[in-house]
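For reference, model.cif is printed below; it contains mmCIF, C-alpha atoms.
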```cif
data_entry
loop_
_atom_site.group_PDB
_atom_site.id
_atom_site.type_symbol
_atom_site.label_atom_id
_atom_site.label_comp_id
_atom_site.auth_asym_id
_atom_site.auth_seq_id
_atom_site.Cartn_x
_atom_site.Cartn_y
_atom_site.Cartn_z
ATOM 1 C CA MET I 1 154.530 54.596 78.099
ATOM 2 C CA LYS I 2 156.731 57.517 77.202
ATOM 3 C CA LEU I 3 156.044 59.459 74.025
ATOM 4 C CA PRO I 4 156.653 58.527 71.336
ATOM 5 C CA PHE I 5 156.944 54.758 71.392
ATOM 6 C CA ARG I 6 159.597 52.857 69.494
ATOM 7 C CA GLU I 7 158.701 50.395 66.757
ATOM 8 C CA THR I 8 159.247 47.390 69.041
ATOM 9 C CA GLN I 9 156.940 48.884 71.689
ATOM 10 C CA ARG I 10 154.320 49.592 69.052
ATOM 11 C CA ARG I 11 154.485 46.027 67.783
ATOM 12 C CA GLY I 12 153.968 44.634 71.274
ATOM 13 C CA VAL I 13 150.909 46.834 71.876
ATOM 14 C CA LEU I 14 149.362 45.917 68.511
ATOM 15 C CA GLU I 15 149.938 42.185 68.984
ATOM 16 C CA ARG I 16 148.212 42.386 72.357
ATOM 17 C CA TYR I 17 145.344 44.389 70.853
ATOM 18 C CA PHE I 18 144.822 41.972 67.954
ATOM 19 C CA ALA I 19 144.921 38.964 70.314
ATOM 20 C CA LEU I 20 142.269 40.560 72.520
ATOM 21 C CA LEU I 21 139.921 41.218 69.591
ATOM 22 C CA GLY I 22 138.765 37.591 69.640
ATOM 23 C CA GLN I 23 138.048 37.763 73.357
ATOM 24 C CA VAL I 24 135.811 40.823 73.637
ATOM 25 C CA ASP I 25 132.682 38.656 73.800
ATOM 26 C CA GLU I 26 134.037 36.805 76.830
ATOM 27 C CA GLY I 27 133.266 39.542 79.306
ATOM 28 C CA GLU I 28 133.961 43.041 80.560
ATOM 29 C CA ASP I 29 137.551 42.278 81.553
ATOM 30 C CA ALA I 30 138.568 41.478 77.962
ATOM 31 C CA ALA I 31 136.788 44.579 76.659
ATOM 32 C CA ALA I 32 138.545 46.725 79.264
ATOM 33 C CA GLU I 33 141.932 45.251 78.311
ATOM 34 C CA LEU I 34 141.211 45.939 74.648
ATOM 35 C CA ALA I 35 140.330 49.556 75.399
ATOM 36 C CA GLU I 36 143.488 49.917 77.486
ATOM 37 C CA ALA I 37 145.644 48.568 74.633
ATOM 38 C CA ALA I 38 144.040 51.065 72.238
ATOM 39 C CA ARG I 39 144.663 53.877 74.719
ATOM 40 C CA GLU I 40 148.296 52.820 75.152
ATOM 41 C CA TYR I 41 148.743 52.801 71.380
ATOM 42 C CA GLU I 42 147.182 56.255 71.007
ATOM 43 C CA GLU I 43 149.326 57.741 73.761
ATOM 44 C CA GLY I 44 152.450 56.334 72.115
ATOM 45 C CA LEU I 45 151.825 57.937 68.732
ATOM 46 C CA PRO I 46 154.394 60.529 67.691
ATOM 47 C CA ARG I 47 153.245 63.989 66.679
ATOM 48 C CA VAL I 48 155.053 64.579 63.422
ATOM 49 C CA GLU I 49 155.539 67.813 61.517
ATOM 50 C CA LEU I 50 153.199 67.254 58.589
ATOM 51 C CA SER I 51 152.962 70.612 56.913
ATOM 52 C CA ARG I 52 153.243 74.388 57.234
ATOM 53 C CA CYS I 53 150.491 76.983 56.995
ATOM 54 C CA PRO I 54 150.993 79.369 54.040
ATOM 55 C CA TYR I 55 149.132 82.123 55.938
ATOM 56 C CA THR I 56 150.675 82.044 59.421
ATOM 57 C CA LYS I 57 153.817 80.008 58.565
ATOM 58 C CA PHE I 58 153.070 77.908 61.663
ATOM 59 C CA VAL I 59 154.020 74.220 61.526
ATOM 60 C CA VAL I 60 151.205 71.668 61.516
ATOM 61 C CA ARG I 61 152.006 68.999 64.104
ATOM 62 C CA HIS I 62 149.718 66.009 63.922
ATOM 63 C CA THR I 63 149.738 62.445 65.176
ATOM 64 C CA PHE I 64 150.751 59.887 62.591
ATOM 65 C CA ASP I 65 151.853 56.264 62.541
ATOM 66 C CA PRO I 66 155.129 56.215 60.580
ATOM 67 C CA TYR I 67 155.607 52.458 60.946
ATOM 68 C CA GLY I 68 152.874 51.094 58.660
ATOM 69 C CA LEU I 69 149.195 50.750 57.843
ATOM 70 C CA ASP I 70 148.706 48.062 60.488
ATOM 71 C CA GLY I 71 148.613 50.717 63.208
ATOM 72 C CA LEU I 72 145.247 51.642 64.739
ATOM 73 C CA TRP I 73 145.703 55.229 63.532
ATOM 74 C CA TRP I 74 144.546 53.816 60.174
ATOM 75 C CA ASN I 75 141.490 51.957 61.538
ATOM 76 C CA PHE I 76 138.790 53.537 59.385
ATOM 77 C CA GLU I 77 135.869 52.550 61.615
ATOM 78 C CA ALA I 78 137.529 53.173 64.993
ATOM 79 C CA PRO I 79 140.712 55.262 64.576
ATOM 80 C CA ALA I 80 142.938 55.436 67.655
ATOM 81 C CA ARG I 81 144.237 58.972 67.499
ATOM 82 C CA PRO I 82 143.640 62.262 69.298
ATOM 83 C CA LEU I 83 140.839 64.198 67.655
ATOM 84 C CA GLN I 84 140.408 67.931 67.067
ATOM 85 C CA GLU I 85 144.179 68.374 66.779
ATOM 86 C CA ARG I 86 144.408 70.606 63.700
ATOM 87 C CA LEU I 87 146.070 74.000 63.643
ATOM 88 C CA TYR I 88 143.282 76.607 63.610
ATOM 89 C CA THR I 89 143.989 77.639 59.998
ATOM 90 C CA CYS I 90 144.313 74.023 58.835
ATOM 91 C CA GLN I 91 140.785 73.178 57.762
ATOM 92 C CA SER I 92 141.423 69.615 56.605
ATOM 93 C CA VAL I 93 144.166 67.008 56.299
ATOM 94 C CA THR I 94 143.797 64.503 53.477
ATOM 95 C CA GLY I 95 146.248 62.297 51.682
ATOM 96 C CA ALA I 96 147.313 59.326 49.617
ATOM 97 C CA VAL I 97 149.592 56.325 50.139
ATOM 98 C CA ALA I 98 151.713 54.566 47.521
ATOM 99 C CA LEU I 99 151.444 50.963 48.690
ATOM 100 C CA ALA I 100 154.435 48.632 48.628
ATOM 101 C CA GLN I 101 154.204 44.854 48.751
ATOM 102 C CA PRO I 102 154.016 42.719 50.725
ATOM 103 C CA MET I 103 151.039 44.277 52.485
ATOM 104 C CA GLU I 104 150.687 44.038 56.233
ATOM 105 C CA ALA I 105 147.905 41.742 57.465
ATOM 106 C CA PHE I 106 145.663 43.450 60.015
ATOM 107 C CA PRO I 107 142.059 42.718 61.119
ATOM 108 C CA PHE I 108 140.493 46.095 60.373
ATOM 109 C CA LEU I 109 139.707 48.245 57.353
ATOM 110 C CA ALA I 110 142.141 50.978 56.312
ATOM 111 C CA GLN I 111 141.261 53.572 53.681
ATOM 112 C CA PRO I 112 144.496 55.486 53.004
ATOM 113 C CA GLY I 113 143.213 57.082 49.777
ATOM 114 C CA PRO I 114 144.652 56.587 46.274
ATOM 115 C CA GLY I 115 148.303 55.879 45.543
ATOM 116 C CA VAL I 116 149.286 59.347 44.282
ATOM 117 C CA PRO I 117 148.534 62.805 45.719
ATOM 118 C CA TYR I 118 145.453 64.659 44.540
ATOM 119 C CA VAL I 119 143.614 67.891 45.261
ATOM 120 C CA LEU I 120 139.952 68.739 45.552
ATOM 121 C CA ALA I 121 139.405 71.386 42.881
ATOM 122 C CA GLU I 122 136.141 72.525 44.458
ATOM 123 C CA LEU I 123 138.092 73.725 47.488
ATOM 124 C CA LEU I 124 141.055 75.289 45.694
ATOM 125 C CA GLU I 125 138.726 77.251 43.445
ATOM 126 C CA ARG I 126 137.743 79.254 46.528
ATOM 127 C CA GLU I 127 139.766 82.448 46.818
ATOM 128 C CA GLU I 128 140.697 82.013 50.482
ATOM 129 C CA VAL I 129 141.800 78.361 50.309
ATOM 130 C CA LYS I 130 145.324 77.094 49.664
ATOM 131 C CA ALA I 131 146.808 73.611 50.008
ATOM 132 C CA VAL I 132 150.237 72.171 50.757
ATOM 133 C CA VAL I 133 151.479 68.748 49.641
ATOM 134 C CA SER I 134 154.245 66.934 51.513
ATOM 135 C CA ALA I 135 155.593 63.384 51.847
ATOM 136 C CA LEU I 136 156.499 61.114 54.738
ATOM 137 C CA GLU I 137 157.345 57.482 55.364
ATOM 138 C CA CYS I 138 154.726 54.990 56.509
ATOM 139 C CA GLY I 139 156.702 51.803 57.038
ATOM 140 C CA ARG I 140 157.517 50.406 53.595
ATOM 141 C CA HIS I 141 154.922 52.706 52.016
ATOM 142 C CA THR I 142 155.177 56.347 50.910
ATOM 143 C CA ALA I 143 152.485 58.643 52.271
ATOM 144 C CA TYR I 144 151.503 61.988 50.749
ATOM 145 C CA CYS I 145 149.807 64.559 52.939
ATOM 146 C CA VAL I 146 147.646 67.279 51.367
ATOM 147 C CA ALA I 147 146.570 69.863 53.927
ATOM 148 C CA TYR I 148 144.046 72.645 53.201
ATOM 149 C CA PHE I 149 144.332 76.071 54.789
ATOM 150 C CA ALA I 150 142.096 79.107 55.143
ATOM 151 C CA PRO I 151 142.070 81.974 57.666
ATOM 152 C CA ASP I 152 138.746 80.626 58.971
ATOM 153 C CA GLU I 153 136.443 77.721 58.178
ATOM 154 C CA VAL I 154 134.701 78.814 54.987
ATOM 155 C CA ASP I 155 130.917 78.722 55.114
ATOM 156 C CA GLY I 156 129.490 76.473 52.431
ATOM 157 C CA ALA I 157 132.800 74.720 51.692
ATOM 158 C CA ARG I 158 132.517 70.952 51.350
ATOM 159 C CA TRP I 159 135.491 69.960 53.493
ATOM 160 C CA PRO I 160 136.355 66.253 53.277
ATOM 161 C CA ASN I 161 136.627 63.691 56.043
ATOM 162 C CA GLU I 162 139.954 63.490 57.817
ATOM 163 C CA TRP I 163 142.647 61.361 56.219
ATOM 164 C CA GLY I 164 141.850 57.703 56.776
ATOM 165 C CA MET I 165 138.670 58.441 58.753
ATOM 166 C CA GLY I 166 134.947 58.358 58.003
ATOM 167 C CA PHE I 167 134.125 61.698 59.648
ATOM 168 C CA ARG I 168 135.473 65.151 60.444
ATOM 169 C CA TRP I 169 135.078 67.888 63.030
ATOM 170 C CA SER I 170 133.529 71.177 61.924
ATOM 171 C CA GLU I 171 133.844 74.410 63.837
ATOM 172 C CA GLY I 172 133.936 78.130 63.148
ATOM 173 C CA GLY I 173 132.072 80.207 60.627
ATOM 174 C CA LYS I 174 128.300 80.167 60.790
ATOM 175 C CA THR I 175 127.976 76.391 60.694
ATOM 176 C CA THR I 176 127.145 74.280 63.721
ATOM 177 C CA SER I 177 130.166 72.739 65.387
ATOM 178 C CA GLY I 178 130.265 68.964 65.679
ATOM 179 C CA TRP I 179 131.184 65.660 64.077
ATOM 180 C CA TYR I 180 129.767 64.686 60.726
ATOM 181 C CA ASP I 181 130.429 62.378 57.787
ATOM 182 C CA ALA I 182 131.287 64.389 54.692
ATOM 183 C CA GLY I 183 131.009 61.278 52.508
ATOM 184 C CA GLU I 184 133.620 59.606 50.370
ATOM 185 C CA PRO I 185 134.902 61.747 47.497
ATOM 186 C CA GLN I 186 133.779 60.584 44.084
ATOM 187 C CA PRO I 187 136.326 59.814 41.335
ATOM 188 C CA GLU I 188 135.407 63.003 39.513
ATOM 189 C CA ASP I 189 136.220 65.020 42.670
ATOM 190 C CA LEU I 190 139.876 63.950 42.668
ATOM 191 C CA ASP I 191 142.216 66.055 40.537
ATOM 192 C CA PHE I 192 145.592 64.339 40.089
ATOM 193 C CA GLU I 193 146.895 66.970 37.655
ATOM 194 C CA LEU I 194 148.774 69.129 40.132
ATOM 195 C CA ARG I 195 150.722 71.259 37.668
ATOM 196 C CA PRO I 196 148.022 73.937 37.069
ATOM 197 C CA TRP I 197 147.440 74.342 40.811
ATOM 198 C CA LEU I 198 151.182 74.636 41.473
ATOM 199 C CA GLU I 199 151.595 77.198 38.717
ATOM 200 C CA SER I 200 148.685 79.264 40.034
ATOM 201 C CA GLY I 201 150.124 79.369 43.557
ATOM 202 C CA LYS I 202 147.062 77.703 45.041
ATOM 203 C CA LEU I 203 149.074 74.559 45.815
ATOM 204 C CA LEU I 204 152.459 74.777 47.533
ATOM 205 C CA TRP I 205 154.839 71.944 48.318
ATOM 206 C CA ILE I 206 157.450 70.753 50.786
ATOM 207 C CA ALA I 207 160.353 68.674 49.528
ATOM 208 C CA PRO I 208 160.495 65.091 50.884
ATOM 209 C CA GLY I 209 162.843 64.910 53.854
ATOM 210 C CA ASP I 210 163.048 68.696 54.280
ATOM 211 C CA ALA I 211 163.212 69.112 58.067
ATOM 212 C CA SER I 212 162.823 72.890 57.698
ATOM 213 C CA LEU I 213 159.402 72.423 56.041
ATOM 214 C CA THR I 214 160.201 75.214 53.599
ATOM 215 C CA LEU I 215 157.162 76.115 51.488
ATOM 216 C CA ARG I 216 157.990 76.061 47.794
ATOM 217 C CA GLU I 217 156.018 77.402 44.835
ATOM 218 C CA GLY I 218 155.801 76.456 41.184
ATOM 219 C CA THR I 219 156.688 73.276 39.360
ATOM 220 C CA ALA I 220 160.478 73.624 39.054
ATOM 221 C CA GLY I 221 162.013 70.665 40.878
ATOM 222 C CA CYS I 222 158.655 69.563 42.282
ATOM 223 C CA PRO I 223 158.705 65.772 42.855
ATOM 224 C CA TYR I 224 154.906 65.518 43.011
ATOM 225 C CA VAL I 225 154.279 66.352 39.357
ATOM 226 C CA GLY I 226 153.627 63.473 36.979
ATOM 227 C CA LEU I 227 153.797 60.706 39.558
ATOM 228 C CA GLY I 228 152.684 57.304 38.325
ATOM 229 C CA GLY I 229 150.613 55.076 40.547
ATOM 230 C CA GLU I 230 147.155 53.951 41.579
ATOM 231 C CA ARG I 231 144.526 56.651 41.091
ATOM 232 C CA ARG I 232 141.600 54.680 42.445
ATOM 233 C CA TRP I 233 140.502 54.782 46.087
ATOM 234 C CA GLN I 234 142.302 52.026 48.010
ATOM 235 C CA ARG I 235 140.922 49.889 50.820
ATOM 236 C CA VAL I 236 143.195 47.532 52.705
ATOM 237 C CA SER I 237 142.492 44.687 55.134
ATOM 238 C CA MET I 238 143.997 41.283 55.976
ATOM 239 C CA GLY I 239 146.833 41.782 53.511
ATOM 240 C CA GLN I 240 144.486 42.427 50.570
ATOM 241 C CA VAL I 241 143.751 45.597 48.589
ATOM 242 C CA TRP I 242 140.388 46.697 47.184
ATOM 243 C CA PHE I 243 139.882 49.473 44.639
ATOM 244 C CA GLY I 244 136.770 51.616 44.813
ATOM 245 C CA ASP I 245 133.753 49.393 45.430
ATOM 246 C CA GLU I 246 135.398 46.340 43.882
ATOM 247 C CA LEU I 247 137.162 43.544 45.721
ATOM 248 C CA SER I 248 140.564 42.474 44.513
ATOM 249 C CA ALA I 249 140.701 39.145 42.682
ATOM 250 C CA GLU I 250 142.595 37.624 45.622
ATOM 251 C CA ALA I 251 139.991 38.831 48.122
ATOM 252 C CA LEU I 252 137.121 37.527 45.979
ATOM 253 C CA GLU I 253 138.786 34.117 45.821
ATOM 254 C CA GLU I 254 139.340 34.131 49.559
ATOM 255 C CA ASN I 255 135.710 35.049 50.266
ATOM 256 C CA GLU I 256 134.494 32.207 48.068
ATOM 257 C CA GLN I 257 136.424 29.628 50.078
#
```
Would you put the structure from the file into structure tokens?
Amino acid sequence: MKLPFRETQRRGVLERYFALLGQVDEGEDAAAELAEAAREYEEGLPRVELSRCPYTKFVVRHTFDPYGLDGLWWNFEAPARPLQERLYTCQSVTGAVALAQPMEAFPFLAQPGPGVPYVLAELLEREEVKAVVSALECGRHTAYCVAYFAPDEVDGARWPNEWGMGFRWSEGGKTTSGWYDAGEPQPEDLDFELRPWLESGKLLWIAPGDASLTLREGTAGCPYVGLGGERRWQRVSMGQVWFGDELSAEALEENEQ
């Protein structure tokens, strides 16, 4: 499959993958076909321009599924995406997704974050760390990327898991390189009040749809200030949405049946 795939190609790969999920217990052939479908999906993912480093001004190119949350890029437990793909000064990529109904129905768990962009104050309080917020389409949803930058991985910094994943890769500094689970951020860790960080210059922004990825400072004209939306952590599966550790009323009713 040539890169990147078109939406119709993506849909065909996902339908084949989901159909094979119920057959993996039937033998090695089904499991091999499932793995091949996942590989084909991963290889077809576009590498989009997510952000720009405020230190080097280099563009952050990163795989992303712009067609919806039903793509395996969003599979929290087994994400199908290339790993270790960050720009060397980009220490972490996190984000949020404003969900639009109707939700896609897919047989895995997605954790896209809350519905409005946030920052981790603990990181931005460090002198060498800056962040950049940007927006991109994700099917009918609106996704907000918040990328954190530093000249090198900062020793002692509590970097979060990668966006939509339950782990992250650590390298550089004096820490041991490798994969680890940084844990889910707690509600008190999420700071949705972006104005002070924008005014201080610790948080920069890119206008939605700006192909030049121009880094902007301050709050004047910033579309990310004062956004309304869901501020709880969102979990999505089978067309239903959970918030935090609670099941949605619809999901509870479904589980009781």
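The space separating CA of Gln240 (chain I) from CA of Ala98 (chain I) comes to 14.5 Å.
From CA of Arg168 (chain I) back to CA of Ala78 (chain I), the distance works out to 13.0 Å.
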- Go through I:Cys53, I:Leu14, I:Leu34, I:Val225 and flag the residue nearest Tyr148 (chain I), using only C-alpha atoms for the distances. I:Cys53
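The smallest atom-to-atom distance between Trp205 (chain I) and any of I:Pro54, I:Gly115, I:Gly71, I:Gly44, using only C-alpha atoms, is found for I:Pro54.
For the pair CA of Phe58 (chain I) and CA of Glu40 (chain I), the interatomic distance is 28.9 Å.
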Report the closest atom pair, with its distance in Å rounded to one decimal, for each residue of region 127-200 of chain I that has an atom no farther than 12 Å from region 88-93 of chain I; count only C-alpha atoms, sort by chain and then rising residue number, and write it as CSV.
```
residue,atom,partner,partner_atom,distance
I:Glu128,CA,I:Thr89,CA,11.0
I:Val129,CA,I:Gln91,CA,9.1
I:Lys130,CA,I:Cys90,CA,9.7
I:Ala131,CA,I:Cys90,CA,9.2
I:Val132,CA,I:Val93,CA,9.7
I:Val133,CA,I:Val93,CA,10.0
I:Ser134,CA,I:Val93,CA,11.2
I:Tyr144,CA,I:Val93,CA,10.5
I:Cys145,CA,I:Val93,CA,7.0
I:Val146,CA,I:Val93,CA,6.0
I:Ala147,CA,I:Val93,CA,4.4
I:Tyr148,CA,I:Ser92,CA,5.3
I:Phe149,CA,I:Cys90,CA,4.5
I:Ala150,CA,I:Thr89,CA,5.4
I:Pro151,CA,I:Thr89,CA,5.3
I:Asp152,CA,I:Thr89,CA,6.1
I:Glu153,CA,I:Gln91,CA,6.3
I:Val154,CA,I:Gln91,CA,8.7
I:Asp155,CA,I:Gln91,CA,11.6
I:Ala157,CA,I:Gln91,CA,10.1
I:Arg158,CA,I:Ser92,CA,10.4
I:Trp159,CA,I:Ser92,CA,6.7
I:Pro160,CA,I:Ser92,CA,6.9
I:Asn161,CA,I:Ser92,CA,7.6
I:Glu162,CA,I:Val93,CA,5.7
I:Trp163,CA,I:Val93,CA,5.8
I:Gly164,CA,I:Val93,CA,9.6
I:Met165,CA,I:Val93,CA,10.5
I:Phe167,CA,I:Ser92,CA,11.2
I:Arg168,CA,I:Ser92,CA,8.4
I:Trp169,CA,I:Ser92,CA,9.2
I:Ser170,CA,I:Gln91,CA,8.6
I:Glu171,CA,I:Gln91,CA,9.3
I:Gly172,CA,I:Tyr88,CA,9.5
I:Gly173,CA,I:Gln91,CA,11.6
I:Ala182,CA,I:Ser92,CA,11.6
```
Quick one: which residues end up in the PyMOL selection byres ((chain I and resi 109-114) around 8) for this structure, as a PDB file with C-alpha atoms, in the coordinates of the input?
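Everything below was put into result_15.pdb:
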```pdb
ATOM      1  CA  LEU I  69     149.195  50.750  57.843  1.00  0.00           C
ATOM      2  CA  TRP I  74     144.546  53.816  60.174  1.00  0.00           C
ATOM      3  CA  ASN I  75     141.490  51.957  61.538  1.00  0.00           C
ATOM      4  CA  PHE I  76     138.790  53.537  59.385  1.00  0.00           C
ATOM      5  CA  GLU I  77     135.869  52.550  61.615  1.00  0.00           C
ATOM      6  CA  GLY I  95     146.248  62.297  51.682  1.00  0.00           C
ATOM      7  CA  ALA I  96     147.313  59.326  49.617  1.00  0.00           C
ATOM      8  CA  VAL I  97     149.592  56.325  50.139  1.00  0.00           C
ATOM      9  CA  ALA I  98     151.713  54.566  47.521  1.00  0.00           C
ATOM     10  CA  PRO I 107     142.059  42.718  61.119  1.00  0.00           C
ATOM     11  CA  PHE I 108     140.493  46.095  60.373  1.00  0.00           C
ATOM     12  CA  GLY I 115     148.303  55.879  45.543  1.00  0.00           C
ATOM     13  CA  VAL I 116     149.286  59.347  44.282  1.00  0.00           C
ATOM     14  CA  PRO I 117     148.534  62.805  45.719  1.00  0.00           C
ATOM     15  CA  TRP I 163     142.647  61.361  56.219  1.00  0.00           C
ATOM     16  CA  GLY I 164     141.850  57.703  56.776  1.00  0.00           C
ATOM     17  CA  MET I 165     138.670  58.441  58.753  1.00  0.00           C
ATOM     18  CA  GLU I 230     147.155  53.951  41.579  1.00  0.00           C
ATOM     19  CA  ARG I 231     144.526  56.651  41.091  1.00  0.00           C
ATOM     20  CA  ARG I 232     141.600  54.680  42.445  1.00  0.00           C
ATOM     21  CA  TRP I 233     140.502  54.782  46.087  1.00  0.00           C
ATOM     22  CA  GLN I 234     142.302  52.026  48.010  1.00  0.00           C
ATOM     23  CA  ARG I 235     140.922  49.889  50.820  1.00  0.00           C
ATOM     24  CA  VAL I 236     143.195  47.532  52.705  1.00  0.00           C
ATOM     25  CA  SER I 237     142.492  44.687  55.134  1.00  0.00           C
TER      26      SER I 237
END
```
So which residues get picked by the PyMOL selection byres ((chain I and resi 208-223) around 6) here, written as a compact mmCIF listing (two decimals) with C-alpha atoms, keeping the file's coordinate frame?
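Now in out_38.txt:
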```txt
# COMPACT_ATOMS: atom_id res chain seq x y z
CA ALA I 135 155.59 63.38 51.85
CA LEU I 198 151.18 74.64 41.47
CA GLU I 199 151.60 77.20 38.72
CA LEU I 204 152.46 74.78 47.53
CA TRP I 205 154.84 71.94 48.32
CA ILE I 206 157.45 70.75 50.79
CA ALA I 207 160.35 68.67 49.53
CA TYR I 224 154.91 65.52 43.01
CA VAL I 225 154.28 66.35 39.36
```
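Distances to Arg10 (chain I) were evaluated for I:Glu85, I:Asp189, I:Glu43, I:Glu33 using all atoms listed in the file, and the minimum falls at I:Glu43.
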- Message: Taking the file as I've supplied it (selection: the PyMOL selection byres ((chain I and resi 188) around 12)), which residues are included? Please answer as number ranges by chain.
- Response: I: 118-122, 184-187, 189-192, 231-233
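Shortest atom-to-atom contact with Arg81 (chain I) among I:Met238, I:Leu136, I:Ala38, I:Ala30: I:Ala38, counting all atoms listed in the file.
Comparing I:Cys138, I:Leu83, I:Leu99, I:Leu227 by their smallest distance to Glu7 (chain I), the closest is I:Cys138 (using only C-alpha atoms).
Restricting the calculation to all atoms listed in the file, the smallest distance between Leu50 (chain I) and any of I:Asp29, I:Glu104, I:Asp70, I:Glu137 is found for I:Glu137.
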Output region 187-204 of chain I as a PDB file, keeping the file's coordinate frame, making sure N, CA and C atoms are there.
```
ATOM      1  N   PRO I 187     135.164  59.750  42.236  1.00  0.00           N
ATOM      2  CA  PRO I 187     136.326  59.814  41.335  1.00  0.00           C
ATOM      3  C   PRO I 187     136.460  61.144  40.619  1.00  0.00           C
ATOM      4  N   GLU I 188     135.340  61.735  40.236  1.00  0.00           N
ATOM      5  CA  GLU I 188     135.407  63.003  39.513  1.00  0.00           C
ATOM      6  C   GLU I 188     135.822  64.172  40.414  1.00  0.00           C
ATOM      7  N   ASP I 189     135.798  63.970  41.749  1.00  0.00           N
ATOM      8  CA  ASP I 189     136.220  65.020  42.670  1.00  0.00           C
ATOM      9  C   ASP I 189     137.743  65.113  42.798  1.00  0.00           C
ATOM     10  N   LEU I 190     138.442  64.034  42.445  1.00  0.00           N
ATOM     11  CA  LEU I 190     139.876  63.950  42.668  1.00  0.00           C
ATOM     12  C   LEU I 190     140.635  64.463  41.444  1.00  0.00           C
ATOM     13  N   ASP I 191     141.423  65.493  41.624  1.00  0.00           N
ATOM     14  CA  ASP I 191     142.216  66.055  40.537  1.00  0.00           C
ATOM     15  C   ASP I 191     143.688  65.704  40.776  1.00  0.00           C
ATOM     16  N   PHE I 192     144.211  64.793  39.952  1.00  0.00           N
ATOM     17  CA  PHE I 192     145.592  64.339  40.089  1.00  0.00           C
ATOM     18  C   PHE I 192     146.568  65.192  39.275  1.00  0.00           C
ATOM     19  N   GLU I 193     146.037  66.097  38.462  1.00  0.00           N
ATOM     20  CA  GLU I 193     146.895  66.970  37.655  1.00  0.00           C
ATOM     21  C   GLU I 193     147.268  68.183  38.494  1.00  0.00           C
ATOM     22  N   LEU I 194     148.389  68.093  39.176  1.00  0.00           N
ATOM     23  CA  LEU I 194     148.774  69.129  40.132  1.00  0.00           C
ATOM     24  C   LEU I 194     149.428  70.344  39.492  1.00  0.00           C
ATOM     25  N   ARG I 195     149.955  70.186  38.286  1.00  0.00           N
ATOM     26  CA  ARG I 195     150.722  71.259  37.668  1.00  0.00           C
ATOM     27  C   ARG I 195     149.960  72.595  37.616  1.00  0.00           C
ATOM     28  N   PRO I 196     148.711  72.639  37.127  1.00  0.00           N
ATOM     29  CA  PRO I 196     148.022  73.937  37.069  1.00  0.00           C
ATOM     30  C   PRO I 196     147.864  74.591  38.440  1.00  0.00           C
ATOM     31  N   TRP I 197     147.625  73.794  39.472  1.00  0.00           N
ATOM     32  CA  TRP I 197     147.440  74.342  40.811  1.00  0.00           C
ATOM     33  C   TRP I 197     148.765  74.856  41.374  1.00  0.00           C
ATOM     34  N   LEU I 198     149.856  74.173  41.056  1.00  0.00           N
ATOM     35  CA  LEU I 198     151.182  74.636  41.473  1.00  0.00           C
ATOM     36  C   LEU I 198     151.546  75.936  40.774  1.00  0.00           C
ATOM     37  N   GLU I 199     151.258  75.998  39.496  1.00  0.00           N
ATOM     38  CA  GLU I 199     151.595  77.198  38.717  1.00  0.00           C
ATOM     39  C   GLU I 199     150.772  78.406  39.152  1.00  0.00           C
ATOM     40  N   SER I 200     149.554  78.163  39.615  1.00  0.00           N
ATOM     41  CA  SER I 200     148.685  79.264  40.034  1.00  0.00           C
ATOM     42  C   SER I 200     149.011  79.763  41.437  1.00  0.00           C
ATOM     43  N   GLY I 201     149.808  78.995  42.188  1.00  0.00           N
ATOM     44  CA  GLY I 201     150.124  79.369  43.557  1.00  0.00           C
ATOM     45  C   GLY I 201     149.103  78.908  44.573  1.00  0.00           C
ATOM     46  N   LYS I 202     148.073  78.209  44.117  1.00  0.00           N
ATOM     47  CA  LYS I 202     147.062  77.703  45.041  1.00  0.00           C
ATOM     48  C   LYS I 202     147.548  76.466  45.794  1.00  0.00           C
ATOM     49  N   LEU I 203     148.485  75.744  45.196  1.00  0.00           N
ATOM     50  CA  LEU I 203     149.074  74.559  45.815  1.00  0.00           C
ATOM     51  C   LEU I 203     150.567  74.804  45.998  1.00  0.00           C
ATOM     52  N   LEU I 204     151.038  74.661  47.229  1.00  0.00           N
ATOM     53  CA  LEU I 204     152.459  74.777  47.533  1.00  0.00           C
ATOM     54  C   LEU I 204     152.983  73.402  47.903  1.00  0.00           C
TER      55      LEU I 204
END
```
